[in-house]
file run_34.cif (mmCIF, C-alpha atoms)
data_coords
loop_
_atom_site.group_PDB
_atom_site.id
_atom_site.type_symbol
_atom_site.label_atom_id
_atom_site.label_comp_id
_atom_site.auth_asym_id
_atom_site.auth_seq_id
_atom_site.Cartn_x
_atom_site.Cartn_y
_atom_site.Cartn_z
ATOM 1 C CA MET A 1 10.555 10.877 14.765
ATOM 2 C CA SER A 2 12.905 10.725 11.811
ATOM 3 C CA ARG A 3 13.449 7.532 9.921
ATOM 4 C CA SER A 4 17.155 7.394 10.820
ATOM 5 C CA THR A 5 16.457 7.582 14.578
ATOM 6 C CA LEU A 6 14.002 4.724 14.219
ATOM 7 C CA ASN A 7 16.607 2.675 12.384
ATOM 8 C CA ARG A 8 19.265 3.384 14.986
ATOM 9 C CA TYR A 9 17.281 2.753 18.126
ATOM 10 C CA GLY A 10 14.782 0.162 16.956
ATOM 11 C CA SER A 11 11.064 -0.261 17.372
ATOM 12 C CA LYS A 12 8.928 2.428 19.013
ATOM 13 C CA GLY A 13 6.467 -0.217 20.126
ATOM 14 C CA THR A 14 7.992 -0.870 23.567
ATOM 15 C CA ALA A 15 8.339 1.395 26.602
ATOM 16 C CA ILE A 16 12.142 1.508 26.312
ATOM 17 C CA GLY A 17 11.902 1.960 22.554
ATOM 18 C CA GLN A 18 9.803 5.093 23.000
ATOM 19 C CA VAL A 19 12.506 6.905 24.969
ATOM 20 C CA ARG A 20 15.692 5.592 23.305
ATOM 21 C CA GLY A 21 17.614 8.187 21.362
ATOM 22 C CA LEU A 22 15.749 11.139 22.874
ATOM 23 C CA GLY A 23 18.596 12.159 25.212
ATOM 24 C CA SER A 24 18.323 12.703 28.939
ATOM 25 C CA SER A 25 15.333 14.187 30.687
ATOM 26 C CA HIS A 26 15.062 16.088 33.990
ATOM 27 C CA GLU A 27 18.221 16.714 36.027
ATOM 28 C CA GLY A 28 19.985 13.323 35.901
ATOM 29 C CA ALA A 29 23.196 14.585 34.282
ATOM 30 C CA HIS A 30 23.509 17.463 36.767
ATOM 31 C CA HIS A 31 22.999 15.078 39.707
ATOM 32 C CA TRP A 32 25.491 12.604 38.252
ATOM 33 C CA LEU A 33 28.188 15.247 37.764
ATOM 34 C CA GLN A 34 27.688 16.802 41.205
ATOM 35 C CA GLN A 35 27.974 13.366 42.772
ATOM 36 C CA ARG A 36 31.371 12.950 41.060
ATOM 37 C CA PHE A 37 32.610 16.447 41.981
ATOM 38 C CA THR A 38 31.664 16.043 45.647
ATOM 39 C CA ALA A 39 33.217 12.542 45.578
ATOM 40 C CA ILE A 40 36.547 14.176 44.675
ATOM 41 C CA GLY A 41 36.058 16.671 47.525
ATOM 42 C CA ASN A 42 35.388 13.771 49.909
ATOM 43 C CA LEU A 43 38.424 11.871 48.673
ATOM 44 C CA VAL A 44 40.742 14.781 49.511
ATOM 45 C CA THR A 45 39.194 16.066 52.742
ATOM 46 C CA VAL A 46 38.234 12.775 54.445
ATOM 47 C CA LEU A 47 41.640 11.274 53.600
ATOM 48 C CA PHE A 48 43.176 14.383 55.210
ATOM 49 C CA LEU A 49 41.116 13.695 58.354
ATOM 50 C CA ALA A 50 41.905 9.961 58.355
ATOM 51 C CA ILE A 51 45.655 10.437 57.903
ATOM 52 C CA SER A 52 45.741 13.242 60.476
ATOM 53 C CA LEU A 53 43.888 11.100 63.036
ATOM 54 C CA ALA A 54 46.182 8.142 62.350
ATOM 55 C CA LEU A 55 49.265 10.328 62.943
ATOM 56 C CA LEU A 56 48.034 12.113 66.100
ATOM 57 C CA PRO A 57 50.001 11.095 69.214
ATOM 58 C CA GLY A 58 46.845 10.703 71.337
ATOM 59 C CA TYR A 59 43.066 11.148 71.320
ATOM 60 C CA ASP A 60 42.528 13.055 74.566
ATOM 61 C CA TYR A 61 40.631 16.373 74.633
ATOM 62 C CA ALA A 62 43.680 18.676 74.714
ATOM 63 C CA THR A 63 45.492 16.983 71.819
ATOM 64 C CA MET A 64 42.366 16.737 69.707
ATOM 65 C CA ARG A 65 41.291 20.303 70.345
ATOM 66 C CA GLU A 66 44.724 21.721 69.629
ATOM 67 C CA TRP A 67 44.815 19.877 66.314
ATOM 68 C CA ALA A 68 41.228 20.647 65.228
ATOM 69 C CA SER A 69 41.432 24.380 65.990
ATOM 70 C CA GLY A 70 44.518 24.892 63.805
ATOM 71 C CA VAL A 71 43.987 26.970 60.661
ATOM 72 C CA ILE A 72 44.559 24.207 58.104
ATOM 73 C CA PRO A 73 42.750 21.365 59.928
ATOM 74 C CA ALA A 74 39.763 23.616 60.758
ATOM 75 C CA THR A 75 39.542 24.816 57.143
ATOM 76 C CA ALA A 76 39.804 21.227 55.868
ATOM 77 C CA LEU A 77 37.141 20.072 58.346
ATOM 78 C CA ALA A 78 34.764 22.877 57.260
ATOM 79 C CA LEU A 79 35.260 22.012 53.578
ATOM 80 C CA MET A 80 34.802 18.338 54.448
ATOM 81 C CA ILE A 81 31.465 19.090 56.151
ATOM 82 C CA VAL A 82 30.144 20.816 53.015
ATOM 83 C CA SER A 83 31.399 18.094 50.681
ATOM 84 C CA VAL A 84 30.312 15.032 52.682
ATOM 85 C CA PHE A 85 26.847 16.338 53.568
ATOM 86 C CA TRP A 86 26.264 17.355 49.956
ATOM 87 C CA HIS A 87 27.403 13.930 48.699
ATOM 88 C CA ALA A 88 25.437 12.092 51.418
ATOM 89 C CA ARG A 89 22.284 14.039 50.491
ATOM 90 C CA MET A 90 22.652 12.952 46.865
ATOM 91 C CA GLY A 91 23.347 9.313 47.799
ATOM 92 C CA LEU A 92 20.406 9.073 50.202
ATOM 93 C CA GLN A 93 18.206 10.786 47.590
ATOM 94 C CA VAL A 94 19.028 7.954 45.161
ATOM 95 C CA LEU A 95 18.270 5.417 47.903
ATOM 96 C CA ILE A 96 14.870 7.050 48.534
ATOM 97 C CA GLU A 97 14.086 7.241 44.808
ATOM 98 C CA ASP A 98 14.934 3.535 44.459
ATOM 99 C CA TYR A 99 12.760 2.297 47.308
ATOM 100 C CA VAL A 100 10.008 4.873 47.996
ATOM 101 C CA HIS A 101 7.659 4.911 45.027
ATOM 102 C CA THR A 102 4.532 6.612 46.375
ATOM 103 C CA PRO A 103 4.848 10.244 45.191
ATOM 104 C CA GLY A 104 3.649 11.782 48.493
ATOM 105 C CA ASN A 105 5.929 9.622 50.638
ATOM 106 C CA LYS A 106 8.867 10.277 48.317
ATOM 107 C CA PHE A 107 8.293 14.035 48.560
ATOM 108 C CA ALA A 108 8.116 13.816 52.369
ATOM 109 C CA ALA A 109 11.235 11.623 52.609
ATOM 110 C CA ILE A 110 13.267 14.009 50.451
ATOM 111 C CA ALA A 111 11.967 17.014 52.405
ATOM 112 C CA LEU A 112 13.121 15.327 55.658
ATOM 113 C CA LEU A 113 16.421 14.432 54.025
ATOM 114 C CA ASN A 114 16.987 18.104 53.127
ATOM 115 C CA LEU A 115 16.251 19.192 56.701
ATOM 116 C CA ALA A 116 18.568 16.538 58.166
ATOM 117 C CA THR A 117 21.521 17.098 55.830
ATOM 118 C CA ILE A 118 21.405 20.907 55.677
ATOM 119 C CA GLY A 119 20.761 21.070 59.430
ATOM 120 C CA GLY A 120 23.576 18.602 60.111
ATOM 121 C CA ALA A 121 26.023 20.511 57.942
ATOM 122 C CA ALA A 122 25.094 23.802 59.657
ATOM 123 C CA PHE A 123 25.655 22.192 63.073
ATOM 124 C CA GLY A 124 29.035 20.850 61.996
ATOM 125 C CA LEU A 125 30.183 24.214 60.619
ATOM 126 C CA PHE A 126 28.965 25.994 63.780
ATOM 127 C CA ALA A 127 30.867 23.519 65.984
ATOM 128 C CA ILE A 128 34.081 24.093 64.014
ATOM 129 C CA ALA A 129 33.640 27.884 64.195
ATOM 130 C CA ARG A 130 33.068 27.725 67.951
ATOM 131 C CA LEU A 131 36.104 25.494 68.363
ATOM 132 C CA VAL A 132 38.305 27.942 66.456
ATOM 133 C CA PHE A 133 36.973 31.303 67.639
ATOM 134 C CA SER A 134 36.580 30.518 71.337
ATOM 135 C CA GLY A 135 40.387 30.324 71.578
ATOM 136 C CA ALA A 136 42.473 27.164 71.745
ATOM 137 C CA ALA A 137 42.872 25.687 75.227
ATOM 138 C CA MET B 1 18.128 -18.257 13.613
ATOM 139 C CA PRO B 2 14.914 -16.224 13.263
ATOM 140 C CA ARG B 3 14.749 -12.836 14.963
ATOM 141 C CA ALA B 4 12.670 -12.676 18.134
ATOM 142 C CA HIS B 5 9.523 -10.712 17.565
ATOM 143 C CA GLY B 6 8.266 -7.823 19.685
ATOM 144 C CA SER B 7 9.520 -7.174 23.165
ATOM 145 C CA LEU B 8 11.939 -9.441 25.009
ATOM 146 C CA ARG B 9 9.390 -10.172 27.721
ATOM 147 C CA GLU B 10 6.822 -11.456 25.263
ATOM 148 C CA GLU B 11 6.388 -15.236 25.205
ATOM 149 C CA PRO B 12 6.834 -16.734 21.751
ATOM 150 C CA SER B 13 3.514 -17.977 20.401
ATOM 151 C CA ILE B 14 2.714 -21.701 20.662
ATOM 152 C CA ASP B 15 3.106 -21.962 16.886
ATOM 153 C CA THR B 16 6.533 -20.393 17.028
ATOM 154 C CA GLN B 17 7.566 -22.651 19.892
ATOM 155 C CA ARG B 18 6.468 -25.738 17.908
ATOM 156 C CA LYS B 19 8.269 -24.552 14.823
ATOM 157 C CA TYR B 20 11.482 -23.549 16.672
ATOM 158 C CA PRO B 21 11.738 -25.636 19.906
ATOM 159 C CA ALA B 22 14.880 -23.746 20.971
ATOM 160 C CA MET B 23 12.875 -20.525 21.333
ATOM 161 C CA ALA B 24 10.799 -22.064 24.121
ATOM 162 C CA GLU B 25 13.964 -22.451 26.183
ATOM 163 C CA ARG B 26 15.736 -19.201 25.309
ATOM 164 C CA PRO B 27 16.359 -16.954 28.298
ATOM 165 C CA LEU B 28 13.581 -14.450 28.810
ATOM 166 C CA SER B 29 14.400 -11.217 30.545
ATOM 167 C CA PRO B 30 14.159 -10.534 33.401
ATOM 168 C CA HIS B 31 15.042 -13.706 35.269
ATOM 169 C CA LEU B 32 14.979 -12.141 38.691
ATOM 170 C CA SER B 33 14.981 -15.432 40.586
ATOM 171 C CA ILE B 34 17.972 -17.011 38.840
ATOM 172 C CA TRP B 35 21.317 -15.518 39.850
ATOM 173 C CA LYS B 36 24.465 -16.313 41.758
ATOM 174 C CA TRP B 37 26.877 -14.196 43.721
ATOM 175 C CA GLY B 38 29.702 -12.577 41.787
ATOM 176 C CA PRO B 39 32.387 -10.040 42.754
ATOM 177 C CA HIS B 40 30.795 -7.299 40.598
ATOM 178 C CA MET B 41 27.516 -7.789 42.485
ATOM 179 C CA LEU B 42 29.206 -7.799 45.898
ATOM 180 C CA VAL B 43 31.177 -4.608 45.167
ATOM 181 C CA SER B 44 28.018 -2.829 44.010
ATOM 182 C CA ILE B 45 26.006 -3.814 47.084
ATOM 183 C CA LEU B 46 28.879 -2.942 49.439
ATOM 184 C CA HIS B 47 29.251 0.462 47.733
ATOM 185 C CA ARG B 48 25.653 1.315 48.613
ATOM 186 C CA VAL B 49 25.810 -0.229 52.096
ATOM 187 C CA SER B 50 29.035 1.582 53.018
ATOM 188 C CA GLY B 51 27.882 4.874 51.478
ATOM 189 C CA ASP B 52 24.497 4.940 53.147
ATOM 190 C CA GLY B 53 26.029 3.639 56.386
ATOM 191 C CA MET B 54 28.411 6.592 56.454
ATOM 192 C CA ALA B 55 25.634 9.011 55.455
ATOM 193 C CA THR B 56 23.636 7.969 58.507
ATOM 194 C CA VAL B 57 25.784 6.482 61.309
ATOM 195 C CA GLY B 58 29.071 8.023 60.131
ATOM 196 C CA LEU B 59 27.761 11.581 59.928
ATOM 197 C CA ALA B 60 26.008 11.262 63.301
ATOM 198 C CA VAL B 61 29.291 10.216 64.957
ATOM 199 C CA LEU B 62 31.162 12.984 63.104
ATOM 200 C CA LEU B 63 28.726 15.625 64.391
ATOM 201 C CA TRP B 64 28.840 14.222 67.918
ATOM 202 C CA TRP B 65 32.657 14.357 67.818
ATOM 203 C CA LEU B 66 32.725 17.978 66.566
ATOM 204 C CA GLY B 67 29.924 19.082 68.921
ATOM 205 C CA ALA B 68 31.648 17.449 71.892
ATOM 206 C CA LEU B 69 34.974 19.055 70.997
ATOM 207 C CA ALA B 70 33.288 22.469 70.767
ATOM 208 C CA SER B 71 31.388 21.967 74.055
ATOM 209 C CA GLY B 72 34.377 21.248 76.285
ATOM 210 C CA PRO B 73 36.283 18.511 78.118
ATOM 211 C CA GLU B 74 33.258 16.961 79.883
ATOM 212 C CA ALA B 75 31.244 16.480 76.693
ATOM 213 C CA TYR B 76 34.346 15.167 74.957
ATOM 214 C CA ASP B 77 35.011 12.656 77.736
ATOM 215 C CA THR B 78 31.445 11.333 77.389
ATOM 216 C CA PHE B 79 31.976 10.945 73.646
ATOM 217 C CA ALA B 80 35.398 9.326 74.134
ATOM 218 C CA SER B 81 34.171 6.846 76.753
ATOM 219 C CA VAL B 82 31.242 5.724 74.577
ATOM 220 C CA MET B 83 33.458 5.415 71.503
ATOM 221 C CA GLY B 84 36.179 3.677 73.515
ATOM 222 C CA SER B 85 33.755 0.979 74.705
ATOM 223 C CA PRO B 86 33.675 -2.351 72.812
ATOM 224 C CA ILE B 87 30.463 -1.412 70.970
ATOM 225 C CA GLY B 88 31.828 2.060 70.232
ATOM 226 C CA LEU B 89 35.009 0.573 68.795
ATOM 227 C CA ILE B 90 32.982 -1.763 66.573
ATOM 228 C CA VAL B 91 31.096 1.288 65.300
ATOM 229 C CA LEU B 92 34.354 3.186 64.653
ATOM 230 C CA VAL B 93 35.951 0.224 62.859
ATOM 231 C CA GLY B 94 32.725 -0.111 60.837
ATOM 232 C CA ILE B 95 32.768 3.571 59.844
ATOM 233 C CA SER B 96 36.456 3.420 58.878
ATOM 234 C CA TRP B 97 35.847 0.273 56.814
ATOM 235 C CA ALA B 98 32.830 1.964 55.182
ATOM 236 C CA PHE B 99 35.043 4.916 54.203
ATOM 237 C CA PHE B 100 37.913 2.867 52.771
ATOM 238 C CA ASN B 101 35.534 0.466 51.026
ATOM 239 C CA HIS B 102 33.489 3.312 49.514
ATOM 240 C CA LEU B 103 36.732 5.076 48.523
ATOM 241 C CA SER B 104 38.026 1.952 46.742
ATOM 242 C CA SER B 105 34.801 1.131 44.911
ATOM 243 C CA GLY B 106 34.337 4.857 44.207
ATOM 244 C CA ILE B 107 37.676 4.892 42.372
ATOM 245 C CA ARG B 108 36.423 1.819 40.478
ATOM 246 C CA HIS B 109 33.375 3.868 39.497
ATOM 247 C CA PHE B 110 35.596 6.662 38.164
ATOM 248 C CA VAL B 111 37.445 4.118 35.995
ATOM 249 C CA LEU B 112 34.128 2.719 34.713
ATOM 250 C CA ASP B 113 32.953 6.308 34.085
ATOM 251 C CA ILE B 114 35.718 6.872 31.530
ATOM 252 C CA GLY B 115 34.554 3.744 29.711
ATOM 253 C CA ALA B 116 37.311 1.389 30.873
ATOM 254 C CA GLY B 117 37.172 -1.924 32.737
ATOM 255 C CA TYR B 118 34.052 -3.485 31.229
ATOM 256 C CA GLU B 119 35.791 -6.621 29.915
ATOM 257 C CA LEU B 120 34.509 -9.585 31.953
ATOM 258 C CA GLU B 121 37.875 -10.649 33.390
ATOM 259 C CA VAL B 122 39.101 -7.093 34.063
ATOM 260 C CA ASN B 123 35.790 -6.177 35.684
ATOM 261 C CA ARG B 124 35.901 -9.264 37.878
ATOM 262 C CA THR B 125 39.505 -8.651 38.955
ATOM 263 C CA PHE B 126 38.905 -4.953 39.662
ATOM 264 C CA SER B 127 35.828 -5.843 41.754
ATOM 265 C CA ILE B 128 37.841 -8.241 43.920
ATOM 266 C CA VAL B 129 40.678 -5.696 44.237
ATOM 267 C CA SER B 130 38.173 -2.986 45.323
ATOM 268 C CA VAL B 131 36.711 -5.083 48.134
ATOM 269 C CA ALA B 132 40.138 -6.337 49.262
ATOM 270 C CA SER B 133 41.650 -2.852 49.197
ATOM 271 C CA GLY B 134 38.856 -1.550 51.456
ATOM 272 C CA ILE B 135 39.740 -4.181 54.056
ATOM 273 C CA VAL B 136 43.521 -3.721 53.714
ATOM 274 C CA LEU B 137 43.302 0.079 54.062
ATOM 275 C CA THR B 138 41.119 -0.315 57.176
ATOM 276 C CA VAL B 139 43.729 -2.619 58.754
ATOM 277 C CA VAL B 140 46.539 -0.197 57.840
ATOM 278 C CA PHE B 141 44.564 2.722 59.317
ATOM 279 C CA TRP B 142 43.975 0.972 62.662
ATOM 280 C CA ALA B 143 47.573 -0.235 62.774
ATOM 281 C CA MET B 144 48.637 3.413 62.461
ATOM 282 C CA VAL B 145 46.106 4.556 65.088
ATOM 283 C CA LEU B 146 47.351 1.951 67.566
ATOM 284 C CA LEU B 147 51.069 2.036 66.779
ATOM 285 C CA VAL B 148 51.969 5.614 65.707
#
call {"tool": "encode", "arguments": {"input": "run_34.cif", "output": "structure tokens"}}
result
Amino acid sequence: MSRSTLNRYGSKGTAIGQVRGLGSSHEGAHHWLQQRFTAIGNLVTVLFLAISLALLPGYDYATMREWASGVIPATALALMIVSVFWHARMGLQVLIEDYVHTPGNKFAAIALLNLATIGGAAFGLFAIARLVFSGAA
Amino acid sequence: MPRAHGSLREEPSIDTQRKYPAMAERPLSPHLSIWKWGPHMLVSILHRVSGDGMATVGLAVLLWWLGALASGPEAYDTFASVMGSPIGLIVLVGISWAFFNHLSSGIRHFVLDIGAGYELEVNRTFSIVSVASGIVLTVVFWAMVLLV
């Protein structure tokens, strides 16, 4: 440790003092950036869904299906699925890391989280594909 | 004023406390049991509650909606009747509020990310605006659903 780092970040005697000035460790910055990028994706695609739903004349099966199987809505919904499940996985990961401290339980919780979010996203994409390719009613 | 020695959590020695009585009463960190509600605290808690609420309940309803649409009119009618019931409507209003609240406080996070909005008054005002905007946007959304 150079003298100037010690002067800038203070004593090395405390737990926080030992890590100050060393830069980030692990994958925090990557996680942080991806959370922001997917947040922007959510902002655009979920707002598209919300505004579209608000403007639809009705919410019966025929109206809803006709709207959702259109090229632009179906594409937006598919992109939304990827973005929201990705973002939700990252958010729930932070929740787990904050509250589950036993290493084994944390590993298991994140493994389950991966299954649930990747499985959920796959189901959503499959439903949209089936809606579009089975021919609009 | 003498500089505190060692870590912040360390109690000043009895000698030090006798010599400088004020040090015995200085705030020691962390004071986890002494706090009061503030807008910045509320907006932070609501950001997590609305985000994790959407990640669990919101995504489940989204998948049910898409799956029902893909399955046909009968499955969709089941979905629509459950969601049209009083409890279903509470869930839908809750999800829409969660989205608009998370959107508003998420934009606040983007502003904080660029290093702006940390002044006490600005931070307080922006926190109140975030929470209020989540509620206002939810009302506007349902007004459009019901009226348009």
call {"tool": "closest_atom_pairs", "arguments": {"input": "run_34.cif", "of": "chain B", "to": "chain A", "cutoff": "6 Å", "atoms": "all atoms listed in the file", "output": "JSON lines"}}
result
{"residue": "B:Ala55", "atom": "CA", "partner": "A:Ala88", "partner_atom": "CA", "distance": 5.1}
{"residue": "B:Leu63", "atom": "CA", "partner": "A:Gly124", "partner_atom": "CA", "distance": 5.8}
{"residue": "B:Leu66", "atom": "CA", "partner": "A:Ala127", "partner_atom": "CA", "distance": 5.9}
{"residue": "B:Gly67", "atom": "CA", "partner": "A:Ala127", "partner_atom": "CA", "distance": 5.4}
{"residue": "B:Ala70", "atom": "CA", "partner": "A:Leu131", "partner_atom": "CA", "distance": 4.8}
{"residue": "B:Pro73", "atom": "CA", "partner": "A:Tyr61", "partner_atom": "CA", "distance": 6.0}
{"residue": "B:Met144", "atom": "CA", "partner": "A:Ala54", "partner_atom": "CA", "distance": 5.3}
{"residue": "B:Val145", "atom": "CA", "partner": "A:Ala54", "partner_atom": "CA", "distance": 4.5}
call {"tool": "resolve_selection", "arguments": {"input": "run_34.cif", "expression": "the PyMOL selection byres ((chain B and resi 127) around 12)", "output": "PyMOL selection string"}}
result
chain B and resi 38-47+101+104-109+111-112+117-126+128-134
call {"tool": "closest_residue", "arguments": {"input": "run_34.cif", "among": "B:Gly115, B:Gly94, B:Pro21, B:Gly72", "to": "B:Ser50", "atoms": "only C-alpha atoms"}}
result
B:Gly94
call {"tool": "atom_distance", "arguments": {"input": "run_34.cif", "atom1": "atom CA of B:Trp37", "atom2": "atom CA of B:Ile90"}}
result
26.7 Å
call {"tool": "closest_residue", "arguments": {"input": "run_34.cif", "among": "A:Ile96, A:Glu66, A:Trp86, A:Phe48", "to": "A:His31", "atoms": "all atoms listed in the file"}}
result
A:Trp86
call {"tool": "closest_residue", "arguments": {"input": "run_34.cif", "among": "A:Phe133, A:Ala108, A:Thr38, A:Gly119", "to": "B:Ala60", "atoms": "all atoms listed in the file"}}
result
A:Gly119
call {"tool": "resolve_selection", "arguments": {"input": "run_34.cif", "expression": "the PyMOL selection byres ((chain B and resi 93) around 12)", "output": "PyMOL selection string"}}
result
chain B and resi 54+58+83-84+86-92+94-101+134-135+137-143+145
call {"tool": "atom_distance", "arguments": {"input": "run_34.cif", "atom1": "atom CA of B:Thr56", "atom2": "atom CA of A:Trp32"}}
result
20.9 Å
call {"tool": "atom_distance", "arguments": {"input": "run_34.cif", "atom1": "atom CA of A:Ala29", "atom2": "atom CA of A:Gln93"}}
result
14.7 Å
call {"tool": "closest_residue", "arguments": {"input": "run_34.cif", "among": "B:Val49, B:Val61, B:Leu103, B:Ile34", "to": "A:Gly41", "atoms": "all atoms listed in the file"}}
result
B:Leu103
call {"tool": "axis_aligned_box", "arguments": {"input": "run_34.cif", "around": "stretch 118-135 of chain B", "padding_each_side": "4 Å", "output": "JSON"}}
result
{"center_x": 37.9, "center_y": -6.1, "center_z": 42.0, "size_x": 15.6, "size_y": 17.1, "size_z": 32.1}
